[in-house]
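Chemist: Once you've had a glance at the structure underneath, I'll fire off some questions.
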Amino acid sequence: MSPPPPSSTSRCSCCKVSFGFPFSIERNSRRFFIIQNVSKPKLLCLPSVHYLNNPQRLADIPIFACTQEPHSIPGSFLVHDLETVHQLVKGMNTESESNETNMSTKFRFLDDTSRVVWNDKILQALKQIRERTLTQLAYDEACMMISPEQGKFLSFLVRAIGARRCLELGTFTGYSSVCIAAGMIEKADSVLYCLECNENYARMAEQGWTSANLEHKIHLVLGDAGTSLQRLLVDKRGWFDFIFIDADKERYREYYETALDLLRVGGVVCIDDTWWSGRVVNEEEYRDAETLGIRQVLELMQRDARVFACSIPIFDGMAVAYKLETKPTHHDANPFVLSQLLNHKLVDVEGNIAVGKTHLVQGFLSMWKEEEKENGRMPRVFEENPNSTFLAAFYKQPQVFGFSFQMYMLQLAQQVATSAKDYLLRGASSDDIVVALIDRSLWGNRVFAQCNFHLGNLQEEEYQIYRSVYEQVEFQPDYLIYLDASPWICLERAKMRGRPAEAALQLSYLEALDDCHFQQLISTVCQGKVNVVVVNAHTFCTPQQVTEKIVRNSKSPLEIRYEDQDHQGGNWFLCALDQDCYVQMAKGATDEEWLQLLRRWLPKNQPTMDRICLPWISHQHQVPNYVYQAYKRLVCFALSSHIAIEFHGKAT
Ligand SMILES: C[S@@+](CC[C@H](N)C(=O)[O-])C[C@H]1O[C@@H](n2cnc3c(N)ncnc32)[C@H](O)[C@@H]1O
């Protein structure tokens, strides 16, 4: 029998059965073809890669036909020509259905070996999931499942890298999740997080997990995958061994970027449907959001120095990438930041004296050096350079020089702001990279004035004069990068850099400054007019770390809420620590240490931490100094980690 003419559907003249053969790769990405006119429904599985290569030669397409799971079930077999398919459909070839020798020897080999990991319970559960999905859902929906050979491949990958911490985006009715969980090594803390937004699908998946006896390893996270990923980033950065991306294609690039953040070095990310029935390579005809989404992620992976990636021609295509150990380089972090986020922007870097602002802006500059070569122009740093004799005199006799020094600094800060704005204005229509970085601006100037007022270095009338002049200047940066470190650390750094003018710097002054910075930071975040990025600077932070935070903040701004009433839940902080611990935290803890502390106080079963309640404490409250210092660091840690804060007991 000669092959039917190319069309997306054809009807067999003798048996009147409709075949959904994908003659035209552009039109049909379907992978399963149910032949209906037979006693039991049959499944034909056409690996799309074959018709991608040679869509017209149907006789060359291997067609797997079976009653249950293709390739995994005894009795499935390989059909090499259409004639056999026709015979099958007409019931003329029942013999071959039970003839296992017809099965591809390669697939049999895989089946047998995978049995070690996939026990009968798993196989049975997979079969049920596939059947349930095909019978209970519309055909087009059911086609979203990965194929059995992909399932095995996922299971294999997971086992090969010894994955214990896995994540899946897009769970659907549970087929791929069972394959992944089945491949995970058996440890008490092995876990697969499944992100799915459709509750109906998730319930079906849960049935499958229970039948496969895997429910104890799987944690369902219902909701939008993008939002769930942001929550996971709070405390699961670099944590996952394996991530499978199979949710909405439009957002593949975003998912891939976040997945890389969540993945440990040596971890593997796997992306499904990357061939997309050939549409990804047909740019002229296919510009829909899904195809573009897949194309974008592939383009990114091709030039991504963070991974070793490869494309697997299995089913509708998969891309697999292994996360390499990379030193943060100029190349990693900034192309996006430069072109998409910071270009033509005013970026204000703030923080206490000696917290590491200059270190950071210099880091930014060296990161941009390559661009300078290409563009002939480069981001500029603007900073105040006060007269060092005057500065030293102020540190020695703050009450004498307080007002005059503050007004002098205000005038310098205004000049700096004007130059930075001019620079941006001049470069407004330029294609060059134009970023104005300010190493402390009017924002910080105001903090200093307020602090000197509180310390009695400025009189009431003097402070009023300062404020009336200050308020005449309009200044609003696009980004405010706030570096937080304890006053102890700032003092040590000031001593280390050994500027003569700072020789008389006192811890009490740095503490008072820290307090005023903190108050102003909270109120700036609450006002929500400026994009604030908070960074834990207890160790010098790199431009790459800051860049990551900027990217993150641009997607979801920091959040602080107030509750008028005092709330029991917020008081844990005050009774949580012993004195040693407070002192240690007050001096500056790493993000990891803060996380450990917070985890001790969270309900055991809460998988992520995205909001904390805290009592509102200010320097007026009667708490020991070390408690207050630790408290400020904790708040800054939460902001730097994108944990939303609910303050209790503070009037708004
Ligand atoms: C292609 S299917 C996944 C198939 C599944 N991996 C399997 O093999 O059975 C895509 C799934 O992603 C889910 N999904 C789509 N967009 C999502 C989003 N933004 N957040 C969470 N899930 C999403 C859909 O509801 C659907 O269940």
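Every chain in the structure tokens takes a letter, A first, then B, and so on in the order presented; its residues are numbered from 1, and the ligands are numbered from 1 following the presented order.
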All residues within 6 Å of ligand 1 are required, counting only C-alpha atoms and all ligand atoms; please report them as an MDAnalysis selection string.
Modeler: chainID A and resid 144:146 170:176 195:198 223:225 246:248
Chemist: Write the selection just made, keeping all heavy atoms, as a CSV table (one decimal), in the first residue's frame?
Modeler:
```
chain,number,residue,atom,x,y,z
A,144,MET,N,0.1,17.3,26.5
A,144,MET,CA,1.1,18.1,27.2
A,144,MET,C,2.1,17.2,28.0
A,144,MET,O,3.2,17.6,28.3
A,144,MET,CB,0.5,19.1,28.2
A,144,MET,CG,-0.2,20.2,27.5
A,144,MET,SD,-0.4,21.6,28.5
A,144,MET,CE,-1.6,21.1,29.7
A,145,MET,N,1.7,15.9,28.2
A,145,MET,CA,2.6,15.0,28.9
A,145,MET,C,3.9,14.8,28.2
A,145,MET,O,3.9,14.7,27.0
A,145,MET,CB,1.9,13.6,29.1
A,145,MET,CG,1.3,13.4,30.4
A,145,MET,SD,0.5,11.7,30.3
A,145,MET,CE,-0.6,11.8,29.0
A,146,ILE,N,4.9,14.6,28.9
A,146,ILE,CA,6.2,14.2,28.3
A,146,ILE,C,6.0,12.7,27.8
A,146,ILE,O,5.1,12.0,28.3
A,146,ILE,CB,7.4,14.3,29.2
A,146,ILE,CG1,7.3,13.5,30.5
A,146,ILE,CG2,7.7,15.8,29.5
A,146,ILE,CD1,8.6,13.2,31.2
A,170,GLY,N,5.7,23.1,36.1
A,170,GLY,CA,4.7,22.6,35.1
A,170,GLY,C,4.6,21.1,35.4
A,170,GLY,O,5.2,20.3,34.7
A,171,THR,N,3.7,20.7,36.3
A,171,THR,CA,3.6,19.3,36.7
A,171,THR,C,2.5,18.6,35.9
A,171,THR,O,2.6,17.4,35.7
A,171,THR,CB,3.3,19.3,38.2
A,171,THR,OG1,4.5,19.8,38.8
A,171,THR,CG2,3.0,17.9,38.7
A,172,PHE,N,1.4,19.3,35.6
A,172,PHE,CA,0.3,18.8,34.8
A,172,PHE,C,-0.2,17.6,35.7
A,172,PHE,O,-0.4,17.7,36.9
A,172,PHE,CB,0.8,18.4,33.4
A,172,PHE,CG,-0.3,18.0,32.5
A,172,PHE,CD1,-1.5,18.8,32.5
A,172,PHE,CD2,-0.2,17.0,31.6
A,172,PHE,CE1,-2.5,18.4,31.6
A,172,PHE,CE2,-1.2,16.6,30.7
A,172,PHE,CZ,-2.4,17.4,30.7
A,173,THR,N,-0.4,16.4,35.0
A,173,THR,CA,-1.1,15.3,35.7
A,173,THR,C,-0.1,14.4,36.4
A,173,THR,O,-0.5,13.3,36.9
A,173,THR,CB,-2.0,14.5,34.8
A,173,THR,OG1,-1.2,14.2,33.6
A,173,THR,CG2,-3.2,15.3,34.3
A,174,GLY,N,1.2,14.8,36.4
A,174,GLY,CA,2.1,14.1,37.3
A,174,GLY,C,3.1,13.1,36.6
A,174,GLY,O,3.9,12.5,37.3
A,175,TYR,N,3.0,12.9,35.3
A,175,TYR,CA,3.9,11.9,34.6
A,175,TYR,C,5.3,12.2,34.9
A,175,TYR,O,6.1,11.4,35.4
A,175,TYR,CB,3.6,11.8,33.1
A,175,TYR,CG,4.1,10.6,32.5
A,175,TYR,CD1,3.4,9.4,32.4
A,175,TYR,CD2,5.5,10.6,32.1
A,175,TYR,CE1,3.9,8.3,31.9
A,175,TYR,CE2,6.0,9.4,31.5
A,175,TYR,CZ,5.2,8.3,31.4
A,175,TYR,OH,5.8,7.1,30.9
A,176,SER,N,5.8,13.4,34.5
A,176,SER,CA,7.2,13.7,34.6
A,176,SER,C,7.7,13.7,36.1
A,176,SER,O,8.8,13.3,36.4
A,176,SER,CB,7.6,15.0,33.9
A,176,SER,OG,6.7,16.0,34.4
A,195,LEU,N,5.8,22.8,40.9
A,195,LEU,CA,5.1,24.0,40.7
A,195,LEU,C,4.0,23.9,39.7
A,195,LEU,O,4.3,23.5,38.5
A,195,LEU,CB,6.1,25.2,40.4
A,195,LEU,CG,7.4,25.3,41.1
A,195,LEU,CD1,8.1,26.6,40.7
A,195,LEU,CD2,7.2,25.3,42.6
A,196,GLU,N,2.8,24.1,40.1
A,196,GLU,CA,1.7,24.0,39.1
A,196,GLU,C,0.6,25.0,39.5
A,196,GLU,O,0.3,25.2,40.6
A,196,GLU,CB,1.2,22.5,39.2
A,196,GLU,CG,-0.1,22.2,38.4
A,196,GLU,CD,0.0,22.6,36.9
A,196,GLU,OE1,0.9,22.0,36.2
A,196,GLU,OE2,-0.8,23.4,36.4
A,197,CYS,N,0.0,25.6,38.4
A,197,CYS,CA,-1.0,26.6,38.7
A,197,CYS,C,-2.4,26.1,38.6
A,197,CYS,O,-3.3,26.8,39.1
A,197,CYS,CB,-0.8,27.8,37.8
A,197,CYS,SG,-1.0,27.4,36.1
A,198,ASN,N,-2.5,24.9,38.0
A,198,ASN,CA,-3.9,24.4,37.8
A,198,ASN,C,-4.2,23.4,38.9
A,198,ASN,O,-3.6,22.3,38.9
A,198,ASN,CB,-4.0,23.9,36.4
A,198,ASN,CG,-5.4,23.3,36.1
A,198,ASN,OD1,-6.0,22.6,36.9
A,198,ASN,ND2,-5.8,23.7,34.9
A,223,GLY,N,0.2,27.5,42.3
A,223,GLY,CA,0.3,28.9,42.1
A,223,GLY,C,1.2,29.2,40.9
A,223,GLY,O,1.7,28.2,40.2
A,224,ASP,N,1.3,30.4,40.6
A,224,ASP,CA,2.1,30.8,39.4
A,224,ASP,C,3.6,30.5,39.6
A,224,ASP,O,4.2,30.8,40.7
A,224,ASP,CB,2.0,32.4,39.2
A,224,ASP,CG,2.9,32.8,38.1
A,224,ASP,OD1,2.7,32.4,37.0
A,224,ASP,OD2,3.8,33.6,38.5
A,225,ALA,N,4.2,29.8,38.7
A,225,ALA,CA,5.6,29.4,38.8
A,225,ALA,C,6.5,30.5,39.1
A,225,ALA,O,7.4,30.4,39.9
A,225,ALA,CB,6.0,28.6,37.6
A,246,ASP,N,9.0,22.9,32.4
A,246,ASP,CA,8.0,22.5,31.4
A,246,ASP,C,6.7,23.2,31.6
A,246,ASP,O,5.6,22.7,31.4
A,246,ASP,CB,7.8,20.9,31.5
A,246,ASP,CG,7.0,20.4,30.3
A,246,ASP,OD1,6.9,21.1,29.3
A,246,ASP,OD2,6.5,19.2,30.5
A,247,ALA,N,6.8,24.5,32.0
A,247,ALA,CA,5.6,25.3,32.1
A,247,ALA,C,5.4,26.2,30.9
A,247,ALA,O,5.8,25.8,29.8
A,247,ALA,CB,5.7,26.1,33.5
A,248,ASP,N,4.8,27.4,31.1
A,248,ASP,CA,4.4,28.2,30.0
A,248,ASP,C,5.7,28.7,29.2
A,248,ASP,O,6.6,29.3,29.8
A,248,ASP,CB,3.6,29.4,30.4
A,248,ASP,CG,4.0,30.0,31.7
A,248,ASP,OD1,4.7,29.3,32.5
A,248,ASP,OD2,3.6,31.1,32.1
```
Chemist: Extract the full set of helix (DSSP H, G or I) residues from segment 222-459 of chain A according to DSSP on the backbone, and format it as a tab-separated table (two decimals) with C-alpha atoms, in the first residue's frame.
Modeler:
```
chain	number	residue	atom	x	y	z
A	225	ALA	CA	5.55	29.35	38.82
A	226	GLY	CA	7.22	32.78	38.54
A	227	THR	CA	5.96	33.84	41.96
A	228	SER	CA	6.80	30.49	43.54
A	229	LEU	CA	10.33	30.70	42.14
A	230	GLN	CA	10.85	34.13	43.67
A	231	ARG	CA	9.82	32.69	47.03
A	232	LEU	CA	12.18	29.79	46.67
A	233	LEU	CA	14.99	32.22	45.92
A	234	VAL	CA	14.70	33.60	49.44
A	235	ASP	CA	16.29	30.59	51.05
A	249	LYS	CA	6.91	28.57	27.10
A	250	GLU	CA	6.57	32.36	26.89
A	251	ARG	CA	8.48	32.66	30.14
A	252	TYR	CA	11.17	30.09	29.50
A	253	ARG	CA	13.97	32.61	29.59
A	254	GLU	CA	12.86	34.04	32.94
A	255	TYR	CA	12.49	30.50	34.31
A	256	TYR	CA	15.91	29.51	33.05
A	257	GLU	CA	17.59	32.55	34.66
A	258	THR	CA	15.95	31.88	38.01
A	259	ALA	CA	16.59	28.16	37.73
A	260	LEU	CA	20.30	28.88	37.36
A	261	ASP	CA	20.20	30.93	40.56
A	262	LEU	CA	18.49	28.09	42.36
A	276	TRP	CA	8.69	22.75	19.19
A	277	SER	CA	7.95	20.72	16.08
A	278	GLY	CA	10.49	22.67	14.13
A	279	ARG	CA	8.85	26.04	14.73
A	280	VAL	CA	11.84	27.35	16.69
A	281	VAL	CA	13.91	27.22	13.52
A	289	ALA	CA	4.95	34.20	22.13
A	290	GLU	CA	5.54	30.53	22.87
A	291	THR	CA	7.89	29.93	19.95
A	292	LEU	CA	9.72	33.17	20.69
A	293	GLY	CA	10.05	32.18	24.35
A	294	ILE	CA	11.71	28.90	23.43
A	295	ARG	CA	13.89	30.52	20.79
A	296	GLN	CA	15.06	33.15	23.27
A	297	VAL	CA	16.11	30.63	25.88
A	298	LEU	CA	18.00	28.59	23.31
A	299	GLU	CA	19.81	31.69	22.06
A	300	LEU	CA	20.74	32.57	25.62
A	301	MET	CA	21.99	29.07	26.39
A	302	GLN	CA	24.15	29.01	23.29
A	330	HIS	CA	32.10	41.22	33.79
A	331	HIS	CA	30.36	39.08	31.22
A	332	ASP	CA	28.01	37.36	33.67
A	333	ALA	CA	26.05	40.00	35.31
A	334	ASN	CA	26.01	43.20	33.47
A	335	PRO	CA	24.85	42.96	29.87
A	336	PHE	CA	21.29	42.87	31.09
A	337	VAL	CA	21.81	45.32	33.85
A	338	LEU	CA	23.60	47.74	31.65
A	339	SER	CA	21.27	47.61	28.74
A	340	GLN	CA	17.99	46.96	30.42
A	341	LEU	CA	18.15	48.27	33.92
A	342	LEU	CA	20.84	50.78	34.70
A	357	LYS	CA	30.52	52.15	48.89
A	358	THR	CA	33.69	53.13	47.09
A	359	HIS	CA	34.71	49.49	46.82
A	360	LEU	CA	31.38	48.75	45.15
A	361	VAL	CA	31.34	51.65	42.68
A	362	GLN	CA	34.90	50.86	41.66
A	363	GLY	CA	33.81	47.24	41.17
A	364	PHE	CA	31.02	48.48	38.91
A	365	LEU	CA	33.46	50.55	36.92
A	366	SER	CA	35.84	47.67	36.29
A	367	MET	CA	32.88	45.51	35.34
A	368	TRP	CA	32.01	48.08	32.69
A	369	LYS	CA	35.54	48.53	31.41
A	370	GLU	CA	35.01	46.27	28.41
A	371	GLU	CA	31.97	48.26	27.37
A	372	GLU	CA	34.06	51.37	27.47
A	373	LYS	CA	36.37	49.88	24.87
A	374	GLU	CA	33.42	49.12	22.66
A	375	ASN	CA	31.43	52.24	23.23
A	388	SER	CA	40.06	66.93	54.54
A	389	THR	CA	41.21	69.64	56.98
A	390	PHE	CA	37.65	70.78	57.47
A	391	LEU	CA	36.49	67.17	57.85
A	392	ALA	CA	39.16	66.43	60.49
A	393	ALA	CA	38.23	69.61	62.34
A	394	PHE	CA	34.58	68.57	62.37
A	395	TYR	CA	35.39	65.07	63.72
A	396	LYS	CA	37.49	66.66	66.48
A	398	PRO	CA	31.61	68.39	66.07
A	399	GLN	CA	29.69	70.85	68.20
A	400	VAL	CA	31.82	73.74	67.06
A	401	PHE	CA	31.84	72.90	63.35
A	402	GLY	CA	28.55	70.95	63.12
A	403	PHE	CA	26.41	73.52	61.31
A	404	SER	CA	29.03	75.05	59.05
A	405	PHE	CA	30.29	71.61	58.05
A	406	GLN	CA	26.79	70.33	57.37
A	407	MET	CA	25.93	73.31	55.15
A	408	TYR	CA	29.24	72.90	53.35
A	409	MET	CA	28.47	69.22	52.70
A	410	LEU	CA	24.97	70.08	51.53
A	411	GLN	CA	26.33	72.45	48.96
A	412	LEU	CA	28.80	69.78	47.75
A	413	ALA	CA	26.04	67.19	47.52
A	414	GLN	CA	23.92	69.58	45.45
A	415	GLN	CA	26.80	70.12	43.05
A	416	VAL	CA	27.32	66.39	42.72
A	417	ALA	CA	23.61	65.79	42.04
A	418	THR	CA	23.52	68.54	39.41
A	419	SER	CA	26.60	67.19	37.61
A	420	ALA	CA	25.17	63.67	37.62
A	421	LYS	CA	21.84	64.85	36.23
A	422	ASP	CA	23.58	66.95	33.54
A	423	TYR	CA	25.63	63.96	32.52
A	424	LEU	CA	22.50	61.85	32.08
A	425	LEU	CA	20.76	64.63	30.20
A	426	ARG	CA	23.65	65.05	27.80
A	442	LEU	CA	21.65	64.19	49.07
A	443	TRP	CA	19.83	61.18	50.53
A	444	GLY	CA	22.84	60.40	52.71
A	445	ASN	CA	23.49	64.06	53.35
A	446	ARG	CA	20.14	64.37	55.02
A	447	VAL	CA	20.89	61.32	57.18
A	448	PHE	CA	24.07	63.00	58.41
A	449	ALA	CA	22.28	66.25	59.19
A	450	GLN	CA	19.58	64.48	61.13
A	451	CYS	CA	22.17	62.50	63.05
A	452	ASN	CA	24.12	65.62	63.96
A	453	PHE	CA	20.92	67.21	65.10
A	454	HIS	CA	20.13	64.22	67.36
```
Chemist: Which residue out of A:Leu510, A:Leu154, A:Ile522, A:Ala182 has the minimum interatomic distance to Val320 of chain A when only C-alpha atoms are used?
Modeler: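 Answer, going by the shortest atom-to-atom distance: A:Leu154.
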Chemist: Counting only C-alpha atoms, figure out which residue out of A:Asn343, A:Ala586, A:Leu558, A:Phe308 gets nearest to Gly266 of chain A.
Modeler: A:Phe308
